[in-house]
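Take a look at the structure below.
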Amino acid sequence: MSTWRKSSFRSLLQETNTFVACVELVNSRGVIAERGGARVLKLARELSQYPQIHALCITDNAGGNAMLSGDTLGTDLISRGQEVVIHLSCKDWNRNGLQSQAWKLASEGFNNVLALSGDYPVSGYKGQSSAVFDIDSVGLLKMISEMNAGLKVSVGQSKKNQVLKRTRFFSGAVVNNHKRYEREVMPQYFKLRKKIENGASFIINQIGYDARKQDELLKYMNYSGLHVPVLYNVYVLSLAAARFFHADNIPGVTVTDDLLALAEKQADSADKGKAFFLEFAAKQCAIAKGLGFRGVYLGGHLKASDYKKVLEIADQFGEDDWKDFAKEICFSQTDEFYFFEPDLTTQLSSTEVNREYLHSKHLKATQVSKQSIPLSYKINRTIHDLAFKKGTAGFSLGKKISQAIERKNKGTQKILHGLEQAVKIAAFDCQDCGDCSLPDIAYLCPESQCAKNQRNGPCGGTKQGKCEVGEKECIWSLAYDRLKAYDEEEQMLDGPVVFRDGALKGTSAWINTFLGRDHHGKDKK
Ligand code: SF4
């Protein structure tokens with residue numbers, strides 16, 4: 001067993017200029033003694049021997065399948081002095097389960113976590129597993145931040161308040177920036193801000209093969225004052241992986257026709273394109289360094305020596321070679337939206353905001369453009385502004401009526417709740433959660449219309465604007481279009497983090513709003 005300890009992932013990113021290299025480990029199914037488990041363990045142990053690899057990142061039920069828990073493998077690695085980043089996703093645990101898992105991780109010495117909403121479950125024992133999504137990645141980041149600050153909990157029968165010992169998590173998050181449409185890209189950027197504001201201290205982006213979009217991410221963050229280290233996601237392709245991504249199997253990961261054709265051509269060689277794919281990944285590492293990413297997040301189905309080889313090839317390139325590689329690895333999608341104009345010399349991103357986008361913002365703010373917005377949305381906005389906005393005469397009246405109803409017997413409350421439901425089921429397919437997010441999402445219900453009940457912005461799961469689950473448009477893309485007609489889209493995620501209160505299920509959301517019991521009346525940021 002190695003006796004040396006690698007520098008902490010946190011200190012490498014926050015206190016040094018080291019270009020950090022991480023490798024993703026996808027856990028296997030079954031106990032660690034299974035063949036798959038033994039293979040991942042062997043790979044992990046070999047990687048932990050390489051000083052070039054700074055951290056190993058362990059996925060959490062990747063792809064929505066049940067896998068061995070990440071900390072089983074992680075415990076072996078941290079005992080060897082290896083830095084580990086544990087993925088923590090919201091798909092299989094509610095907030096209590098996540099908190100409990102976080103305490104377990106903190107107690108076992110895991111400090112680095114990557115907070116994710118997570119993939120939608122696709123399988124399970126005797127049928128597909130139900131998705132949880134009690135909170136999302138933003139909620140998880142906020143909860144971890146409060147655990148780091150010393151979480152206040154009530155204990156015992158007396159419900160006495162106690163401040164718990166601080167955890168020391170170094171939390172990160174993901175951004176899915178390689179999207180095609182404006183109504184996908186911009187909400188991802190807004191959510192990135194929200195993740196950072198709520199505790200993400202490092203960012204890993206989604207896999208992508210477009211250097212201009214990679215460049216744009218860093219330039220957008222700089223433009224928006226978001227200064228946290230970003231790791232460039234380099235998935236080492238093979239022909240099988242290129243075909244898998246080309247078939248849109250992973251939301252937000254695109255292999256274009258051109259890139260697939262290149263992969264097929266290279267895979268025709270005697271080594272099935274292996275040398276080409278390793279060099280292709282090494283070129284992406286060079287681009288990452290050249291653009292100013294703080295490191296790379298390597299993934300793929302490789303042997304430990306192959307990961308090492310990728311980093312060695314990257315080290316052999318000349319200082320400016322990355323500029324040519326960037327021109328080579330720029331596989332953009334048809335009509336792909338970019339926030340910035342291209343830089344025609346480098347073929348990367350300029351810092352001039354997309355002129356067509358700016359023009360569309362101006363157009364959208366005019367009355368003419370509002371014609372494309374559903375009438376129901378306009379009516380709901382008006383009703384909300386008259387009756388549900390704090391400080392209005394309508395809100396004061398609603399509060400008085402709610403207080404009066406509360407004093408009446410349960411029968412009256414039931415009748416009025418029934419009336420509210422009759423209206424909201426017809427208009428929004430309301431699920432009676434009692435903690436209404438309709439005003440937060442341009443009058444689209446996350447309970448009935450979002451498979452992951454995302455209340456703090458979109459997950460990364462859109463494919464060409466559509467939700468990864470089913471064939472519907474993503475509610476956040478629709479909300480973006482609606483809000484843009486009123487020039488309000490940039491503020492769409494500006495509110496406090498939304499935590500749906502499970503205790504309100506089956507109660508009147510209107511009364512809860514007027515009496516300040518729901519998230520609109522609770523903590524502000
Ligand atoms: S509706 Fe949007 S946010 Fe909700 S699961 Fe689908 S893609 Fe994700």
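Identifiers for the structure tokens are assigned positionally: chains receive A, B, ... in sequence, residues are indexed from 1 per chain, and ligands are indexed from 1 in the order shown.
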
Discussion item. When you look at Arg10 of chain A with a cut-off of 8 Å (counting only C-alpha atoms), what residues show up, excluding the ones that are within fewer than 5 positions of it in the same chain? I need them as a VMD selection string.
Written reply: chain A and resid 15 112 170

Could you write those residues out with N, CA and C atoms, as an mmCIF file, in the first residue's frame?
```cif
data_model
loop_
_atom_site.group_PDB
_atom_site.id
_atom_site.type_symbol
_atom_site.label_atom_id
_atom_site.label_comp_id
_atom_site.auth_asym_id
_atom_site.auth_seq_id
_atom_site.Cartn_x
_atom_site.Cartn_y
_atom_site.Cartn_z
ATOM 1 N N GLU A 15 -5.355 26.933 -3.753
ATOM 2 C CA GLU A 15 -4.112 27.559 -3.284
ATOM 3 C C GLU A 15 -2.942 27.392 -4.239
ATOM 4 N N ASN A 112 -14.766 15.925 -0.344
ATOM 5 C CA ASN A 112 -15.111 16.487 -1.661
ATOM 6 C C ASN A 112 -16.374 15.823 -2.191
ATOM 7 N N PHE A 170 -16.056 20.267 0.611
ATOM 8 C CA PHE A 170 -15.662 21.104 -0.529
ATOM 9 C C PHE A 170 -16.604 20.653 -1.652
#
```

Discussion item. Distance limit 8 Å, reference ligand 1, atoms considered: only C-alpha atoms and all ligand atoms. Which residues make the cut? Give them as a list of chain:residue names.
Written reply: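 What falls inside 8 Å of ligand 1 is A:Tyr120, A:Pro446, A:Gln449, A:Cys450, A:Ala451, A:Lys452, A:Asn453, A:Gln454, A:Gly457, A:Pro458, A:Cys459, A:Gly460, A:Gly461, A:Thr462, A:Lys463, A:Gly465, A:Lys466, A:Cys467, A:Glu468, A:Val469, A:Lys472, A:Glu473, A:Cys474, A:Ile475, A:Trp476, A:Ser477.
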
Taking the backbone alone, and naming residues the way the document does, which bits of segment 188-304 of chain A are strand (DSSP E or B) by DSSP, as a compact mmCIF listing (two decimals) with all heavy atoms, in the first residue's frame?
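Ended up saving to selection-v4.txt:
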```txt
# COMPACT_ATOMS: atom_id res chain seq x y z
N PHE A 202 -16.35 24.46 -7.01
CA PHE A 202 -15.71 24.09 -8.27
C PHE A 202 -16.79 23.58 -9.21
O PHE A 202 -17.88 23.18 -8.76
CB PHE A 202 -14.59 23.05 -8.07
CG PHE A 202 -15.07 21.70 -7.60
CD1 PHE A 202 -15.36 20.68 -8.49
CD2 PHE A 202 -15.23 21.45 -6.24
CE1 PHE A 202 -15.80 19.43 -8.05
CE2 PHE A 202 -15.67 20.20 -5.78
CZ PHE A 202 -15.95 19.20 -6.69
N ILE A 203 -16.51 23.65 -10.49
CA ILE A 203 -17.49 23.26 -11.50
C ILE A 203 -16.85 22.26 -12.46
O ILE A 203 -15.68 22.43 -12.84
CB ILE A 203 -17.96 24.52 -12.30
CG1 ILE A 203 -18.66 25.53 -11.37
CG2 ILE A 203 -18.86 24.14 -13.48
CD1 ILE A 203 -19.97 25.07 -10.78
N ILE A 204 -17.63 21.26 -12.83
CA ILE A 204 -17.22 20.34 -13.91
C ILE A 204 -18.28 20.46 -14.99
O ILE A 204 -19.48 20.41 -14.69
CB ILE A 204 -17.15 18.88 -13.40
CG1 ILE A 204 -16.12 18.77 -12.26
CG2 ILE A 204 -16.79 17.93 -14.54
CD1 ILE A 204 -16.14 17.45 -11.52
N ASN A 205 -17.87 20.64 -16.23
CA ASN A 205 -18.90 20.77 -17.25
C ASN A 205 -19.23 19.42 -17.87
O ASN A 205 -18.54 18.42 -17.65
CB ASN A 205 -18.54 21.84 -18.30
CG ASN A 205 -17.45 21.41 -19.23
OD1 ASN A 205 -16.69 20.50 -18.95
ND2 ASN A 205 -17.35 22.09 -20.35
N ASP A 210 -16.66 20.64 -28.55
CA ASP A 210 -16.74 21.92 -29.25
C ASP A 210 -15.94 22.95 -28.46
O ASP A 210 -16.39 23.45 -27.42
CB ASP A 210 -18.21 22.34 -29.36
CG ASP A 210 -18.36 23.69 -30.04
OD1 ASP A 210 -17.35 24.22 -30.55
OD2 ASP A 210 -19.48 24.20 -30.06
N VAL A 230 -12.90 25.71 -12.89
CA VAL A 230 -13.73 24.84 -13.75
C VAL A 230 -12.85 23.73 -14.33
O VAL A 230 -11.74 24.00 -14.82
CB VAL A 230 -14.37 25.63 -14.92
CG1 VAL A 230 -15.36 24.74 -15.67
CG2 VAL A 230 -15.05 26.89 -14.42
N LEU A 231 -13.35 22.51 -14.29
CA LEU A 231 -12.65 21.37 -14.90
C LEU A 231 -13.34 21.01 -16.22
O LEU A 231 -14.57 20.97 -16.28
CB LEU A 231 -12.67 20.16 -13.97
CG LEU A 231 -12.09 20.34 -12.56
CD1 LEU A 231 -12.11 19.02 -11.81
CD2 LEU A 231 -10.67 20.88 -12.61
N TYR A 232 -12.53 20.75 -17.20
CA TYR A 232 -12.99 20.44 -18.56
C TYR A 232 -13.23 18.94 -18.65
O TYR A 232 -12.33 18.15 -18.36
CB TYR A 232 -11.89 20.90 -19.50
CG TYR A 232 -12.05 20.83 -20.99
CD1 TYR A 232 -11.92 21.98 -21.75
CD2 TYR A 232 -12.22 19.63 -21.67
CE1 TYR A 232 -11.98 21.95 -23.15
CE2 TYR A 232 -12.29 19.59 -23.06
CZ TYR A 232 -12.17 20.76 -23.79
OH TYR A 232 -12.22 20.73 -25.16
N ASN A 233 -14.42 18.57 -19.03
CA ASN A 233 -14.78 17.15 -19.07
C ASN A 233 -14.29 16.52 -20.37
O ASN A 233 -14.75 16.86 -21.46
CB ASN A 233 -16.31 17.03 -18.96
CG ASN A 233 -16.77 15.66 -18.54
OD1 ASN A 233 -16.08 14.68 -18.79
ND2 ASN A 233 -17.91 15.59 -17.92
N VAL A 234 -13.35 15.61 -20.25
CA VAL A 234 -12.78 14.94 -21.43
C VAL A 234 -13.17 13.47 -21.39
O VAL A 234 -12.62 12.69 -20.60
CB VAL A 234 -11.24 15.06 -21.45
CG1 VAL A 234 -10.66 14.32 -22.66
CG2 VAL A 234 -10.80 16.51 -21.46
N TYR A 235 -14.12 13.11 -22.19
CA TYR A 235 -14.48 11.69 -22.27
C TYR A 235 -13.70 11.09 -23.42
O TYR A 235 -13.84 11.51 -24.57
CB TYR A 235 -15.99 11.50 -22.47
CG TYR A 235 -16.40 10.06 -22.27
CD1 TYR A 235 -16.83 9.61 -21.02
CD2 TYR A 235 -16.32 9.13 -23.31
CE1 TYR A 235 -17.16 8.27 -20.82
CE2 TYR A 235 -16.65 7.80 -23.11
CZ TYR A 235 -17.07 7.38 -21.86
OH TYR A 235 -17.39 6.06 -21.65
N GLY A 295 -8.30 22.37 -14.87
CA GLY A 295 -7.92 20.97 -14.94
C GLY A 295 -8.84 20.19 -15.85
O GLY A 295 -9.67 20.78 -16.55
N VAL A 296 -8.67 18.89 -15.83
CA VAL A 296 -9.51 18.03 -16.67
C VAL A 296 -10.16 16.94 -15.81
O VAL A 296 -9.60 16.50 -14.81
CB VAL A 296 -8.71 17.37 -17.81
CG1 VAL A 296 -8.45 18.34 -18.93
CG2 VAL A 296 -7.42 16.74 -17.32
N TYR A 297 -11.31 16.54 -16.27
CA TYR A 297 -12.07 15.46 -15.64
C TYR A 297 -12.18 14.38 -16.70
O TYR A 297 -12.92 14.50 -17.66
CB TYR A 297 -13.44 16.02 -15.24
CG TYR A 297 -14.35 15.03 -14.56
CD1 TYR A 297 -14.31 14.88 -13.18
CD2 TYR A 297 -15.28 14.30 -15.28
CE1 TYR A 297 -15.17 13.98 -12.53
CE2 TYR A 297 -16.14 13.41 -14.64
CZ TYR A 297 -16.08 13.26 -13.28
OH TYR A 297 -16.93 12.38 -12.65
N LEU A 298 -11.33 13.35 -16.56
CA LEU A 298 -11.23 12.32 -17.60
C LEU A 298 -12.19 11.16 -17.35
O LEU A 298 -12.33 10.70 -16.21
CB LEU A 298 -9.81 11.76 -17.64
CG LEU A 298 -8.69 12.73 -18.03
CD1 LEU A 298 -7.34 12.16 -17.59
CD2 LEU A 298 -8.70 12.97 -19.53
N GLY A 299 -12.82 10.71 -18.40
CA GLY A 299 -13.70 9.55 -18.29
C GLY A 299 -13.56 8.68 -19.52
O GLY A 299 -13.01 9.10 -20.54
```

Practice prompt. With a distance cut-off of 9 Å and only C-alpha atoms, select the neighbouring residues of Ile313 of chain A, excluding the residue or stretch itself and same-chain residues fewer than 2 positions from it, and output the selection as number ranges by chain.
Written response: A: 278-279, 282-283, 308-311, 315-317

Discussion item. So that I can see what lies close to segment 419-432 of chain A, please list as JSON, numbers by chain the residues with an atom at most 7 Å from it, counting only C-alpha atoms and leaving out residues fewer than 3 positions away in the same chain.
Written reply: {"A": [415, 416, 444, 445, 447, 448, 505, 506]}

Discussion item. When you look at segment 252-260 of chain A with a cut-off of 6 Å (counting only C-alpha atoms), what residues show up, excluding the ones that are within fewer than 2 positions of it in the same chain? I need them as a list in words.
Written reply: Lys179, Ile207, Ala242, Phe245, His246, Ile250, Leu262 and Ala263 of chain A

Those residues with N, CA, C and O atoms, as a short mmCIF file (atom, residue, chain, number, x, y, z; two decimals), in the first residue's frame please?
```cif
data_model
loop_
_atom_site.label_atom_id
_atom_site.label_comp_id
_atom_site.auth_asym_id
_atom_site.auth_seq_id
_atom_site.Cartn_x
_atom_site.Cartn_y
_atom_site.Cartn_z
N LYS A 179 -25.47 22.71 -24.95
CA LYS A 179 -26.86 22.55 -25.41
C LYS A 179 -27.02 23.28 -26.73
O LYS A 179 -26.23 24.14 -27.09
N ILE A 207 -19.74 16.62 -20.85
CA ILE A 207 -18.87 16.21 -21.96
C ILE A 207 -19.26 16.98 -23.22
O ILE A 207 -20.45 17.15 -23.51
N ALA A 242 -18.69 6.77 -29.25
CA ALA A 242 -19.12 7.79 -30.21
C ALA A 242 -20.51 7.46 -30.74
O ALA A 242 -21.37 8.34 -30.86
N PHE A 245 -23.13 8.12 -27.89
CA PHE A 245 -23.43 9.55 -27.72
C PHE A 245 -24.17 10.10 -28.95
O PHE A 245 -25.06 10.94 -28.82
N HIS A 246 -23.79 9.64 -30.12
CA HIS A 246 -24.44 10.13 -31.35
C HIS A 246 -25.93 9.79 -31.35
O HIS A 246 -26.76 10.54 -31.87
N ILE A 250 -27.18 10.08 -23.88
CA ILE A 250 -26.89 10.84 -22.66
C ILE A 250 -27.33 12.28 -22.92
O ILE A 250 -26.76 12.97 -23.77
N LEU A 262 -15.66 10.77 -38.33
CA LEU A 262 -14.22 10.74 -38.03
C LEU A 262 -13.88 9.51 -37.17
O LEU A 262 -12.90 8.80 -37.43
N ALA A 263 -14.72 9.26 -36.14
CA ALA A 263 -14.48 8.11 -35.25
C ALA A 263 -14.54 6.81 -36.05
O ALA A 263 -13.72 5.91 -35.85
#
```

Practice prompt. Return as a count of residues only the full set of residues in segment 197-274 of chain A whose backbone-based DSSP assignment is alpha helix (DSSP H).
Written response: 33

Practice prompt. Would you please work out which residue, of A:Asn61, A:Cys90, A:Glu182, A:Leu226, is nearest to Val122 of chain A when using only C-alpha atoms?
Written response: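 The answer is A:Asn61, which sits nearest to Val122 of chain A.
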